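Shown next: query_8.cif, given as mmCIF, C-alpha atoms.
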```
data_upload
loop_
_atom_site.label_atom_id
_atom_site.label_comp_id
_atom_site.auth_asym_id
_atom_site.auth_seq_id
_atom_site.Cartn_x
_atom_site.Cartn_y
_atom_site.Cartn_z
CA MET A 1 -57.61 71.59 -102.15
CA LEU A 2 -57.79 73.66 -98.99
CA ILE A 3 -56.55 72.12 -95.73
CA ILE A 4 -58.39 73.87 -92.90
CA ASN A 5 -58.41 73.89 -89.09
CA ALA A 6 -54.73 72.97 -88.94
CA ASN A 7 -51.88 73.80 -86.60
CA LEU A 8 -49.00 74.36 -89.00
CA ILE A 9 -45.39 73.42 -88.30
CA THR A 10 -43.71 75.32 -91.12
CA LEU A 11 -40.03 74.33 -90.77
CA GLY A 12 -37.85 76.14 -93.35
CA ASP A 13 -35.53 79.06 -92.59
CA ASP A 14 -37.97 80.62 -90.11
CA PRO A 15 -39.77 77.74 -88.37
CA ARG A 16 -43.09 78.72 -86.84
CA ILE A 17 -46.09 77.09 -85.18
CA LEU A 18 -49.24 78.66 -86.63
CA GLY A 19 -52.49 77.79 -84.84
CA ASP A 20 -55.84 77.40 -86.63
CA HIS A 21 -54.42 77.99 -90.09
CA ALA A 22 -55.20 76.77 -93.58
CA VAL A 23 -53.08 75.81 -96.59
CA LEU A 24 -54.19 76.08 -100.21
CA ILE A 25 -52.73 73.51 -102.62
CA LYS A 26 -52.84 73.89 -106.40
CA ASP A 27 -50.94 71.96 -109.06
CA GLY A 28 -48.84 70.20 -106.45
CA LEU A 29 -47.66 73.41 -104.77
CA ILE A 30 -48.63 75.44 -101.72
CA THR A 31 -50.17 78.62 -103.12
CA ASP A 32 -51.60 80.36 -100.05
CA ILE A 33 -51.35 80.21 -96.26
CA GLY A 34 -53.43 82.03 -93.70
CA PRO A 35 -55.95 81.79 -90.85
CA SER A 36 -58.60 79.17 -91.56
CA LYS A 37 -61.59 81.51 -91.55
CA ALA A 38 -59.87 83.97 -93.88
CA LEU A 39 -58.88 81.34 -96.45
CA GLU A 40 -62.27 79.59 -96.29
CA ALA A 41 -63.88 82.92 -97.13
CA LYS A 42 -61.32 83.63 -99.86
CA TYR A 43 -61.68 80.20 -101.53
CA PRO A 44 -65.27 79.06 -100.84
CA GLU A 45 -65.43 76.66 -103.80
CA ARG A 46 -62.29 74.67 -103.02
CA ASP A 47 -62.45 71.05 -101.89
CA LYS A 48 -61.62 70.96 -98.21
CA LEU A 49 -59.63 68.60 -96.04
CA ASP A 50 -60.47 69.27 -92.41
CA ALA A 51 -57.40 68.73 -90.22
CA ARG A 52 -59.62 68.90 -87.11
CA GLY A 53 -56.92 70.64 -85.09
CA GLN A 54 -54.14 68.22 -86.03
CA TYR A 55 -50.62 69.36 -86.81
CA VAL A 56 -49.76 69.75 -90.47
CA MET A 57 -46.05 69.63 -91.27
CA PRO A 58 -43.72 68.69 -94.12
CA GLY A 59 -43.31 64.98 -94.80
CA SER A 60 -40.12 63.24 -93.73
CA ILE A 61 -37.20 62.88 -96.15
CA CYS A 62 -34.83 59.89 -96.25
CA ALA A 63 -31.34 60.53 -97.61
CA HIS A 64 -30.28 56.88 -98.08
CA THR A 65 -32.29 53.66 -98.20
CA HIS A 66 -32.39 50.22 -99.85
CA PHE A 67 -35.84 49.04 -100.92
CA TYR A 68 -34.42 45.69 -102.05
CA GLY A 69 -33.53 44.80 -98.46
CA ALA A 70 -37.19 44.18 -97.61
CA TYR A 71 -36.80 40.43 -98.11
CA ALA A 72 -34.17 40.21 -95.36
CA ARG A 73 -36.86 40.54 -92.69
CA GLY A 74 -36.94 37.32 -90.65
CA MET A 75 -34.58 35.53 -93.03
CA ALA A 76 -32.16 32.96 -91.57
CA ILE A 77 -28.45 33.27 -92.43
CA PRO A 78 -26.87 29.82 -92.94
CA GLY A 79 -23.90 28.88 -90.78
CA PRO A 80 -22.58 30.67 -87.70
CA PRO A 81 -23.65 34.27 -87.15
CA PRO A 82 -21.57 36.77 -89.16
CA ALA A 83 -18.79 38.08 -86.92
CA ASP A 84 -18.28 41.47 -88.57
CA PHE A 85 -19.57 43.73 -91.32
CA PRO A 86 -17.53 42.17 -94.17
CA GLN A 87 -19.11 38.81 -93.29
CA ILE A 88 -22.56 40.45 -93.24
CA LEU A 89 -21.94 41.69 -96.79
CA GLU A 90 -20.60 38.34 -98.01
CA ARG A 91 -23.20 36.14 -96.31
CA LEU A 92 -26.33 38.29 -96.17
CA TRP A 93 -26.53 41.19 -98.60
CA TRP A 94 -24.60 39.91 -101.59
CA PRO A 95 -26.34 36.51 -101.67
CA LEU A 96 -29.69 38.29 -101.23
CA ASP A 97 -29.24 40.79 -104.04
CA LYS A 98 -28.33 37.87 -106.36
CA ALA A 99 -31.64 36.20 -105.43
CA LEU A 100 -33.81 39.04 -106.76
CA ASP A 101 -35.66 39.06 -110.07
CA ARG A 102 -38.11 41.48 -111.67
CA ASP A 103 -41.09 40.41 -109.55
CA SER A 104 -39.25 40.46 -106.23
CA VAL A 105 -37.64 43.82 -107.02
CA ARG A 106 -41.09 45.25 -107.67
CA ALA A 107 -42.60 43.67 -104.56
CA SER A 108 -39.77 44.80 -102.28
CA ALA A 109 -40.13 48.36 -103.55
CA LEU A 110 -43.90 48.39 -103.04
CA VAL A 111 -43.81 47.11 -99.46
CA CYS A 112 -41.24 49.80 -98.60
CA LEU A 113 -43.35 52.49 -100.26
CA VAL A 114 -46.42 51.40 -98.27
CA ASP A 115 -44.22 51.67 -95.18
CA ALA A 116 -43.16 55.17 -96.21
CA ILE A 117 -46.72 56.41 -96.74
CA LYS A 118 -47.86 55.02 -93.39
CA HIS A 119 -44.95 56.68 -91.58
CA GLY A 120 -45.18 60.03 -93.36
CA ALA A 121 -41.99 59.79 -95.46
CA THR A 122 -42.71 61.59 -98.73
CA SER A 123 -39.21 61.76 -100.32
CA LEU A 124 -36.71 58.90 -100.50
CA ILE A 125 -33.26 58.37 -102.02
CA ASP A 126 -32.86 54.69 -102.87
CA HIS A 127 -29.72 52.69 -103.70
CA HIS A 128 -30.54 49.49 -105.60
CA ALA A 129 -28.72 46.21 -106.37
CA SER A 130 -29.96 43.09 -108.21
CA PRO A 131 -27.06 41.69 -110.28
CA ASN A 132 -29.23 39.07 -111.98
CA PHE A 133 -31.78 41.71 -113.00
CA ILE A 134 -29.96 44.92 -113.91
CA ASP A 135 -31.40 46.17 -117.20
CA GLY A 136 -34.71 47.88 -116.49
CA SER A 137 -34.54 47.36 -112.73
CA LEU A 138 -34.80 51.09 -112.06
CA ASP A 139 -37.84 51.32 -114.34
CA VAL A 140 -39.58 48.69 -112.22
CA ILE A 141 -38.83 50.61 -109.02
CA GLY A 142 -39.73 53.90 -110.68
CA ALA A 143 -43.12 52.52 -111.72
CA ALA A 144 -43.75 51.47 -108.11
CA VAL A 145 -42.87 54.98 -106.91
CA GLU A 146 -45.22 56.45 -109.51
CA ALA A 147 -48.05 54.20 -108.32
CA ALA A 148 -47.37 55.17 -104.70
CA GLY A 149 -47.40 58.89 -105.51
CA LEU A 150 -44.18 59.54 -103.59
CA ARG A 151 -41.02 61.43 -104.58
CA ALA A 152 -37.79 59.47 -105.08
CA VAL A 153 -34.24 59.56 -106.39
CA LEU A 154 -33.07 56.15 -107.70
CA CYS A 155 -29.76 54.64 -108.75
CA TYR A 156 -28.20 51.27 -109.51
CA GLU A 157 -25.22 50.06 -107.44
CA VAL A 158 -22.23 49.66 -109.78
CA THR A 159 -19.68 47.11 -108.55
CA ASP A 160 -17.22 44.69 -110.15
CA ARG A 161 -17.63 41.97 -107.51
CA ASP A 162 -19.84 40.09 -110.02
CA GLY A 163 -17.59 40.69 -113.02
CA MET A 164 -16.85 43.50 -115.43
CA ASP A 165 -19.80 42.77 -117.72
CA LYS A 166 -22.28 43.39 -114.91
CA MET A 167 -20.26 46.42 -113.84
CA ALA A 168 -20.75 47.85 -117.34
CA ALA A 169 -24.45 46.95 -117.28
CA GLY A 170 -24.81 48.88 -114.03
CA ILE A 171 -23.27 51.96 -115.63
CA ASP A 172 -25.70 51.71 -118.54
CA GLU A 173 -28.70 51.31 -116.22
CA ASN A 174 -27.79 54.45 -114.27
CA LEU A 175 -27.27 56.55 -117.38
CA ARG A 176 -30.39 55.27 -119.14
CA PHE A 177 -32.65 55.88 -116.15
CA GLN A 178 -31.24 59.35 -115.44
CA ALA A 179 -32.07 60.40 -118.99
CA ALA A 180 -35.51 58.75 -118.90
CA VAL A 181 -36.72 60.64 -115.81
CA ALA A 182 -34.92 63.96 -116.30
CA ASP A 183 -38.23 65.80 -116.64
CA HIS A 184 -40.38 63.64 -114.37
CA PRO A 185 -42.20 65.64 -111.66
CA ARG A 186 -41.42 63.15 -108.83
CA LEU A 187 -38.58 60.94 -110.04
CA ARG A 188 -34.88 61.57 -110.57
CA GLY A 189 -31.83 59.41 -111.10
CA THR A 190 -28.30 59.61 -109.81
CA PHE A 191 -25.27 57.32 -110.37
CA GLY A 192 -24.88 54.53 -107.81
CA LEU A 193 -21.61 52.96 -106.74
CA HIS A 194 -21.30 50.25 -104.10
CA ALA A 195 -18.07 51.14 -102.28
CA SER A 196 -14.40 51.57 -102.96
CA LEU A 197 -13.70 48.05 -101.69
CA THR A 198 -15.69 46.47 -104.56
CA LEU A 199 -14.51 48.79 -107.33
CA ASN A 200 -11.16 48.31 -109.02
CA ASP A 201 -9.29 51.10 -110.79
CA ALA A 202 -10.70 50.21 -114.21
CA SER A 203 -14.26 50.30 -112.86
CA LEU A 204 -13.77 53.66 -111.18
CA ARG A 205 -12.29 55.10 -114.36
CA ALA A 206 -15.20 53.76 -116.43
CA CYS A 207 -17.73 55.31 -114.04
CA ALA A 208 -15.95 58.65 -113.87
CA ASP A 209 -15.69 58.81 -117.67
CA ALA A 210 -19.35 57.88 -118.16
CA ILE A 211 -21.01 60.43 -115.93
CA PRO A 212 -21.81 63.98 -117.08
CA ASP A 213 -19.96 66.79 -115.29
CA GLU A 214 -23.16 68.11 -113.72
CA SER A 215 -24.12 64.75 -112.20
CA GLY A 216 -23.05 63.19 -108.91
CA PHE A 217 -22.65 59.77 -107.35
CA HIS A 218 -24.27 57.87 -104.50
CA ILE A 219 -21.73 55.62 -102.75
CA HIS A 220 -21.09 53.85 -99.44
CA LEU A 221 -18.07 55.30 -97.69
CA ALA A 222 -15.99 53.80 -94.85
CA GLU A 223 -18.97 52.09 -93.26
CA HIS A 224 -16.43 49.68 -91.74
CA GLU A 225 -12.64 49.81 -91.40
CA ALA A 226 -12.43 47.26 -94.24
CA ASP A 227 -13.09 50.03 -96.76
CA GLU A 228 -10.09 52.01 -95.50
CA ASP A 229 -7.90 48.89 -95.24
CA ASP A 230 -8.73 47.86 -98.80
CA SER A 231 -7.90 51.30 -100.18
CA LEU A 232 -4.59 51.39 -98.32
CA ARG A 233 -3.67 47.98 -99.74
CA ARG A 234 -4.59 49.01 -103.27
CA THR A 235 -3.08 52.48 -103.39
CA GLY A 236 -1.38 53.40 -100.12
CA GLN A 237 -4.07 56.09 -99.70
CA ARG A 238 -7.12 56.26 -97.49
CA VAL A 239 -10.42 55.78 -99.25
CA VAL A 240 -11.50 59.42 -99.60
CA ARG A 241 -8.20 60.27 -101.33
CA ARG A 242 -8.46 57.23 -103.59
CA LEU A 243 -11.96 58.16 -104.76
CA ASP A 244 -11.05 61.83 -105.10
CA ALA A 245 -8.48 60.91 -107.75
CA TYR A 246 -11.36 59.72 -109.94
CA GLY A 247 -13.55 62.77 -109.41
CA ILE A 248 -16.14 60.93 -107.33
CA TRP A 249 -16.54 63.77 -104.82
CA ARG A 250 -18.84 66.41 -106.26
CA SER A 251 -21.26 68.94 -104.84
CA ASN A 252 -24.18 66.58 -105.56
CA THR A 253 -22.51 63.32 -104.52
CA ILE A 254 -23.99 61.43 -101.56
CA ALA A 255 -21.60 59.48 -99.32
CA ALA A 256 -23.44 57.06 -97.04
CA HIS A 257 -22.08 56.38 -93.54
CA GLY A 258 -18.53 57.81 -93.26
CA VAL A 259 -18.13 56.08 -89.91
CA HIS A 260 -14.37 55.58 -90.21
CA ILE A 261 -13.12 58.64 -92.07
CA ASP A 262 -10.49 60.78 -90.35
CA ALA A 263 -10.17 64.56 -89.97
CA ALA A 264 -8.24 65.02 -93.22
CA GLU A 265 -10.85 63.03 -95.13
CA ARG A 266 -13.66 65.07 -93.61
CA ALA A 267 -11.89 68.28 -94.63
CA LEU A 268 -11.60 67.07 -98.22
CA LEU A 269 -15.28 66.07 -98.36
CA LYS A 270 -16.22 69.51 -97.07
CA THR A 271 -14.06 71.20 -99.69
CA ARG A 272 -15.76 69.18 -102.42
CA GLY A 273 -19.25 69.95 -101.03
CA VAL A 274 -20.22 66.29 -100.59
CA TRP A 275 -23.40 65.26 -98.76
CA LEU A 276 -22.83 62.66 -96.01
CA SER A 277 -25.75 60.49 -94.89
CA HIS A 278 -25.94 59.05 -91.36
CA GLN A 279 -27.84 55.78 -90.65
CA PRO A 280 -27.67 55.12 -86.88
CA ARG A 281 -29.97 52.08 -86.63
CA SER A 282 -28.09 50.26 -89.36
CA ASN A 283 -24.72 51.18 -87.85
CA MET A 284 -25.83 49.77 -84.50
CA ASN A 285 -27.24 46.60 -86.07
CA ASN A 286 -24.05 45.95 -88.04
CA GLY A 287 -21.77 46.81 -85.13
CA VAL A 288 -19.68 49.16 -87.27
CA GLY A 289 -19.42 52.08 -84.82
CA ALA A 290 -20.85 55.58 -84.78
CA ALA A 291 -19.94 58.45 -87.09
CA ASP A 292 -18.78 61.67 -85.47
CA ILE A 293 -21.83 63.62 -86.51
CA ASP A 294 -21.30 66.42 -83.99
CA GLY A 295 -17.76 66.97 -85.23
CA MET A 296 -18.84 66.79 -88.86
CA LEU A 297 -21.63 69.32 -88.36
CA ALA A 298 -19.31 71.63 -86.43
CA GLU A 299 -16.83 71.47 -89.30
CA GLY A 300 -19.51 72.42 -91.80
CA LEU A 301 -20.13 69.09 -93.51
CA LYS A 302 -23.59 68.63 -94.99
CA VAL A 303 -24.70 65.68 -92.84
CA CYS A 304 -28.12 64.18 -93.61
CA LEU A 305 -30.22 61.38 -92.12
CA GLY A 306 -31.10 58.12 -93.86
CA ASN A 307 -32.32 54.70 -92.78
CA ASP A 308 -30.29 52.20 -94.89
CA GLY A 309 -33.47 50.22 -95.58
CA PHE A 310 -34.16 49.58 -91.90
CA SER A 311 -37.67 50.98 -92.22
CA ASN A 312 -39.14 54.22 -93.49
CA ASN A 313 -40.09 55.35 -90.00
CA MET A 314 -37.73 58.32 -90.02
CA TRP A 315 -38.75 59.42 -86.54
CA ALA A 316 -37.30 56.15 -85.23
CA GLU A 317 -34.05 57.17 -86.94
CA TRP A 318 -34.18 60.52 -85.13
CA LYS A 319 -34.55 58.79 -81.80
CA ALA A 320 -31.75 56.30 -82.52
CA ALA A 321 -29.35 59.05 -83.54
CA TYR A 322 -30.22 61.08 -80.46
CA LEU A 323 -29.45 58.16 -78.13
CA LEU A 324 -26.63 56.30 -79.90
CA HIS A 325 -24.04 59.05 -79.68
CA LYS A 326 -24.73 59.72 -76.02
CA VAL A 327 -23.96 56.07 -75.26
CA VAL A 328 -20.88 55.91 -77.50
CA GLY A 329 -19.38 59.09 -76.05
CA ARG A 330 -20.84 58.68 -72.55
CA ASP A 331 -21.86 62.31 -72.93
CA PRO A 332 -25.51 63.40 -72.61
CA ARG A 333 -24.66 66.56 -74.57
CA ALA A 334 -23.85 64.58 -77.73
CA ALA A 335 -26.20 64.66 -80.74
CA ASN A 336 -28.53 67.26 -79.29
CA GLY A 337 -32.00 67.67 -80.71
CA MET A 338 -31.12 70.65 -82.88
CA HIS A 339 -28.30 68.69 -84.51
CA ILE A 340 -30.71 65.88 -85.37
CA ALA A 341 -33.19 68.44 -86.71
CA ARG A 342 -30.49 70.08 -88.82
CA MET A 343 -29.72 66.74 -90.46
CA ALA A 344 -33.27 65.45 -90.86
CA TRP A 345 -35.04 68.69 -91.76
CA ASP A 346 -32.64 71.32 -93.06
CA ASN A 347 -29.95 69.23 -94.74
CA ASN A 348 -32.26 66.51 -96.07
CA ALA A 349 -34.46 69.20 -97.63
CA ALA A 350 -31.45 70.93 -99.16
CA LEU A 351 -30.24 67.61 -100.57
CA MET A 352 -33.60 66.94 -102.23
CA ALA A 353 -33.41 70.43 -103.74
CA GLU A 354 -30.30 69.28 -105.63
CA PHE A 355 -32.55 66.90 -107.55
CA PHE A 356 -35.82 68.89 -107.55
CA PRO A 357 -34.78 72.55 -107.78
CA GLY A 358 -38.10 73.86 -109.04
CA ALA A 359 -39.82 74.33 -105.67
CA PRO A 360 -38.66 74.16 -102.04
CA ILE A 361 -39.19 70.79 -100.38
CA GLY A 362 -39.48 70.20 -96.64
CA GLN A 363 -41.21 73.44 -95.64
CA ILE A 364 -44.64 75.03 -95.57
CA SER A 365 -44.29 78.24 -97.54
CA ILE A 366 -45.93 79.76 -100.60
CA GLY A 367 -44.43 78.15 -103.68
CA ALA A 368 -43.14 75.07 -101.83
CA ALA A 369 -43.97 71.51 -102.86
CA ALA A 370 -47.15 70.27 -101.18
CA ASP A 371 -45.46 67.30 -99.48
CA LEU A 372 -47.30 67.26 -96.16
CA ILE A 373 -48.42 65.01 -93.33
CA LEU A 374 -51.14 65.34 -90.70
CA VAL A 375 -50.14 64.35 -87.18
CA ASP A 376 -52.64 63.70 -84.38
CA TYR A 377 -50.38 64.91 -81.55
CA HIS A 378 -51.78 66.44 -78.40
CA PRO A 379 -48.98 68.04 -76.37
CA PHE A 380 -49.46 68.40 -72.63
CA THR A 381 -46.57 70.88 -72.38
CA PRO A 382 -46.02 73.97 -74.57
CA LEU A 383 -44.83 73.21 -78.10
CA THR A 384 -42.83 76.00 -79.73
CA ALA A 385 -40.50 76.32 -82.69
CA GLY A 386 -37.61 76.32 -80.23
CA ASN A 387 -38.47 73.05 -78.48
CA LEU A 388 -40.05 71.24 -81.44
CA PRO A 389 -37.16 68.74 -81.93
CA TRP A 390 -37.55 67.49 -78.36
CA HIS A 391 -41.30 67.08 -78.74
CA LEU A 392 -40.62 64.98 -81.80
CA LEU A 393 -37.96 62.94 -80.01
CA PHE A 394 -39.99 62.30 -76.86
CA GLY A 395 -43.62 62.75 -77.93
CA PHE A 396 -44.31 62.20 -81.63
CA GLU A 397 -44.90 58.60 -82.72
CA PRO A 398 -45.46 57.26 -86.26
CA SER A 399 -48.89 55.93 -85.25
CA MET A 400 -49.93 59.58 -84.97
CA VAL A 401 -49.55 60.17 -88.73
CA THR A 402 -53.10 60.16 -90.08
CA ALA A 403 -52.63 61.56 -93.60
CA THR A 404 -49.81 61.74 -96.12
CA ILE A 405 -49.80 64.09 -99.11
CA CYS A 406 -47.15 64.30 -101.83
CA ALA A 407 -47.13 66.83 -104.67
CA GLY A 408 -50.67 67.75 -103.63
CA GLN A 409 -52.08 64.21 -103.93
CA VAL A 410 -53.60 62.64 -100.83
CA LEU A 411 -51.93 59.23 -100.51
CA MET A 412 -53.32 58.34 -97.08
CA ARG A 413 -56.28 59.83 -95.23
CA ASP A 414 -57.48 58.88 -91.76
CA ARG A 415 -54.77 56.17 -91.80
CA GLU A 416 -56.23 54.53 -94.93
CA ILE A 417 -53.86 54.29 -97.90
CA LEU A 418 -55.75 55.47 -100.98
CA VAL A 419 -53.26 54.84 -103.79
CA LEU A 420 -52.06 51.28 -103.12
CA ASP A 421 -53.74 48.07 -101.99
CA GLU A 422 -51.69 47.34 -98.89
CA ALA A 423 -53.13 43.87 -98.29
CA ALA A 424 -52.64 42.76 -101.90
CA ILE A 425 -49.04 44.07 -101.92
CA ALA A 426 -48.23 42.20 -98.72
CA ALA A 427 -49.81 39.03 -100.08
CA GLU A 428 -47.84 39.25 -103.32
CA ALA A 429 -44.57 39.84 -101.47
CA LEU A 430 -45.30 36.92 -99.16
CA ALA A 431 -46.05 34.61 -102.09
CA LEU A 432 -42.70 35.48 -103.67
CA ALA A 433 -40.69 35.16 -100.46
CA PRO A 434 -40.13 31.36 -100.46
CA LYS A 435 -38.45 31.49 -103.87
CA VAL A 436 -36.34 34.50 -102.89
CA TRP A 437 -35.29 32.82 -99.66
CA GLU A 438 -34.52 29.55 -101.44
CA ASN A 439 -32.29 31.37 -103.95
CA TYR A 440 -30.69 33.37 -101.16
CA THR A 441 -29.94 30.27 -99.07
CA ARG A 442 -28.27 28.56 -102.03
CA ASN A 443 -26.14 31.67 -102.67
CA ALA A 444 -25.27 32.05 -98.98
CA GLU A 445 -24.23 28.42 -98.66
CA LEU A 446 -21.92 28.87 -101.65
CA ALA A 447 -20.41 31.93 -99.97
CA LEU A 448 -19.70 29.85 -96.87
CA GLN A 449 -17.62 27.46 -98.95
CA LEU A 450 -15.39 30.19 -100.37
#
```

Written as structure tokens, how would this file's structure read?
Amino acid sequence: MLIINANLITLGDDPRILGDHAVLIKDGLITDIGPSKALEAKYPERDKLDARGQYVMPGSICAHTHFYGAYARGMAIPGPPPADFPQILERLWWPLDKALDRDSVRASALVCLVDAIKHGATSLIDHHASPNFIDGSLDVIGAAVEAAGLRAVLCYEVTDRDGMDKMAAGIDENLRFQAAVADHPRLRGTFGLHASLTLNDASLRACADAIPDESGFHIHLAEHEADEDDSLRRTGQRVVRRLDAYGIWRSNTIAAHGVHIDAAERALLKTRGVWLSHQPRSNMNNGVGAADIDGMLAEGLKVCLGNDGFSNNMWAEWKAAYLLHKVVGRDPRAANGMHIARMAWDNNAALMAEFFPGAPIGQISIGAAADLILVDYHPFTPLTAGNLPWHLLFGFEPSMVTATICAGQVLMRDREILVLDEAAIAAEALALAPKVWENYTRNAELALQL
């Protein structure tokens, strides 16, 4: 396929804006780039996708999400409103994940994947939990990703809060799925852990012993002070030190949040080469605080941008991150546009390369993965590589995404999703919702009695 009449936003090491250019895609990769007229003459027989002057740029990447959270939308929490994040876990998320079965896991994944395609997110790293449907749960999500045509890294959340048998089942699900998709072109597995506060010493040792040396983990870290407090009670050490003793911190481990880690913990994470994912909308919603992303980036930590299941509109996450830290620090210089771009473009792309090393992701260059979006943006001020982040923050909107392409396959064209039946997926999810909510409410009411 030859995309013609495009204004390219290349990103990568040398970001450029290339007017009236074309991109040749073959076997899921970008194989040629050049002026439209030159490439049309060079490849006259190729099928053409006319961008009609739109911007063509790499698709968004999400470093941390939860597909299974889809059924929380509009759901009532029994009893008084949760007063803090531990109560949100105990009364919202843990009763909800217990309410999920095979069908609702599949439906929640599909509605999130539709959301991703519509918003131009082509690569996603998901963190799953369904303690009453563990075995095969990642296969169900993986099949949904395959049907959607997107790229994803999946894991199961190991925890002992539901007992040691389910903890062991979570280990097995991670290991089985990693092996099953090791050679898949668009799927990978990693090893999920919930958080230090729901993993005892025996569980951590079992996880550390099970995982191959070359693999990493995906874990929530110090999202709230409770994680640090729990670790101090258990061991007298802060949480990063506790987890380090079990070899959790590796160069391909993802730590989500890190809101309440201190300078010494940040230094240790940097030494170990850990990836830290920032989720500003979720942090605001849960009232947990704001991570020191400027300090972390200045210290050389590999900070990425995720959404925590909020939605797969990653540009909304950009905007939230840009504004949140200015309010928290009462400093308009905080979280400048280039810092957000470094997280969302450079670091997210480098993180995906840990799982898909065969071709660069997140850039338009020869040999890169053809994960692209078309954006109908008409700037009324100059748009350059230097000011691109601010155009995205103040001009780009997700409604402007007209086409989404992953691994060379057109998933959405002219805002019509081609690979999934959006209406049927929504109807199926809606039909399942009453049962999920009924199960959730029963679980939540039990939690209130504890």

CA of Gly247 (chain A) and CA of His128 (chain A) are how many Å apart?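 Distance between the two atoms: 21.9 Å.
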
Name the residues in contact with Ala83 (chain A) at a cut-off of 10 Å, using all atoms listed in the file, excluding same-chain residues fewer than 5 positions from it; report them as a ChimeraX atom specification. /A:88,286-287

If the PyMOL selection byres ((chain A and resi 443) around 9) were run on this exact file, what residues would it hold? Put them as a PyMOL selection string. chain A and resi 91+94-96+98-99+438-442+444-448

With the file shown as input, list the residues that the PyMOL selection byres ((chain A and resi 292) around 10) selects, as a VMD selection string. chain A and resid 258 to 262 278 289 to 291 293 to 297 325 329 334 to 335

Within 9 Å of region 414-418 of chain A, counting only C-alpha atoms, which residues qualify if same-chain residues fewer than 4 places away don't, as a PyMOL selection string? chain A and resi 114+117-118+399+401-404+410+422

Report the residues retrieved by the PyMOL selection byres ((chain A and resi 192) around 6) from the displayed file, expressed as a list in words.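 Matching residues under the PyMOL selection byres ((chain A and resi 192) around 6) are Cys155, Tyr156, Glu157, Val158, Phe191, Leu193, Phe217 and His218 of chain A.
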
CA of Ala370 (chain A) and CA of Gly408 (chain A), how far apart in Å?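 A separation of 5.0 Å between them.
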
Quick one: pull the distance between CA of Asn5 (chain A) and CA of Trp318 (chain A), Å, one decimal.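 A separation of 28.0 Å between them.
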
Contact residues around region 161-170 of chain A with only C-alpha atoms at 8 Å, ignoring same-chain residues under 6 positions, as a PyMOL selection string: chain A and resi 131+134-135+198-199+203

In terms of the shortest atom-to-atom distance over all atoms listed in the file, which of A:Gly12, A:Ile17, A:Arg266, A:Ala256 is closest to Thr384 (chain A)? A:Ile17

Check the smallest atom-to-atom distance from each of A:Leu110, A:Leu269, A:His184, A:Trp345 to Gly306 (chain A) using all atoms listed in the file, then report the winner.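 Of the candidates, the smallest distance to Gly306 (chain A) is held by A:Trp345.
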
Please list as a tab-separated table (two decimals) with C-alpha atoms, in the frame of the given file every residue within 7 Å of region 391-398 of chain A, counting only C-alpha atoms and excluding residues in the same chain fewer than 2 positions away.
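Resulting contents of selection-v1.tsv:
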```tsv
chain	number	residue	atom	x	y	z
A	119	HIS	CA	-44.95	56.68	-91.58
A	313	ASN	CA	-40.09	55.35	-90.00
A	318	TRP	CA	-34.18	60.52	-85.13
A	319	LYS	CA	-34.55	58.79	-81.80
A	377	TYR	CA	-50.38	64.91	-81.55
A	387	ASN	CA	-38.47	73.05	-78.48
A	388	LEU	CA	-40.05	71.24	-81.44
A	389	PRO	CA	-37.16	68.74	-81.93
A	400	MET	CA	-49.93	59.58	-84.97
A	401	VAL	CA	-49.55	60.17	-88.73
```

Residue completion, region 310-318 of chain A, N, CA and C atoms, as a tab-separated table (two decimals), keeping the file's coordinate frame:
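File produced: out_7.tsv:
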```tsv
chain	number	residue	atom	x	y	z
A	310	PHE	N	-33.70	50.16	-93.17
A	310	PHE	CA	-34.16	49.58	-91.90
A	310	PHE	C	-35.67	49.61	-91.80
A	311	SER	N	-36.23	50.77	-92.03
A	311	SER	CA	-37.67	50.98	-92.22
A	311	SER	C	-37.80	52.45	-92.59
A	312	ASN	N	-38.96	52.82	-93.12
A	312	ASN	CA	-39.14	54.22	-93.49
A	312	ASN	C	-39.82	55.04	-92.40
A	313	ASN	N	-39.69	54.59	-91.18
A	313	ASN	CA	-40.09	55.35	-90.00
A	313	ASN	C	-38.92	56.25	-89.63
A	314	MET	N	-38.88	57.44	-90.23
A	314	MET	CA	-37.73	58.32	-90.02
A	314	MET	C	-37.67	58.89	-88.61
A	315	TRP	N	-38.81	58.94	-87.93
A	315	TRP	CA	-38.75	59.42	-86.54
A	315	TRP	C	-38.02	58.42	-85.65
A	316	ALA	N	-38.09	57.14	-85.97
A	316	ALA	CA	-37.30	56.15	-85.23
A	316	ALA	C	-35.81	56.40	-85.46
A	317	GLU	N	-35.45	56.85	-86.66
A	317	GLU	CA	-34.05	57.17	-86.94
A	317	GLU	C	-33.60	58.38	-86.13
A	318	TRP	N	-34.47	59.37	-86.01
A	318	TRP	CA	-34.18	60.52	-85.13
A	318	TRP	C	-33.83	60.04	-83.73
```
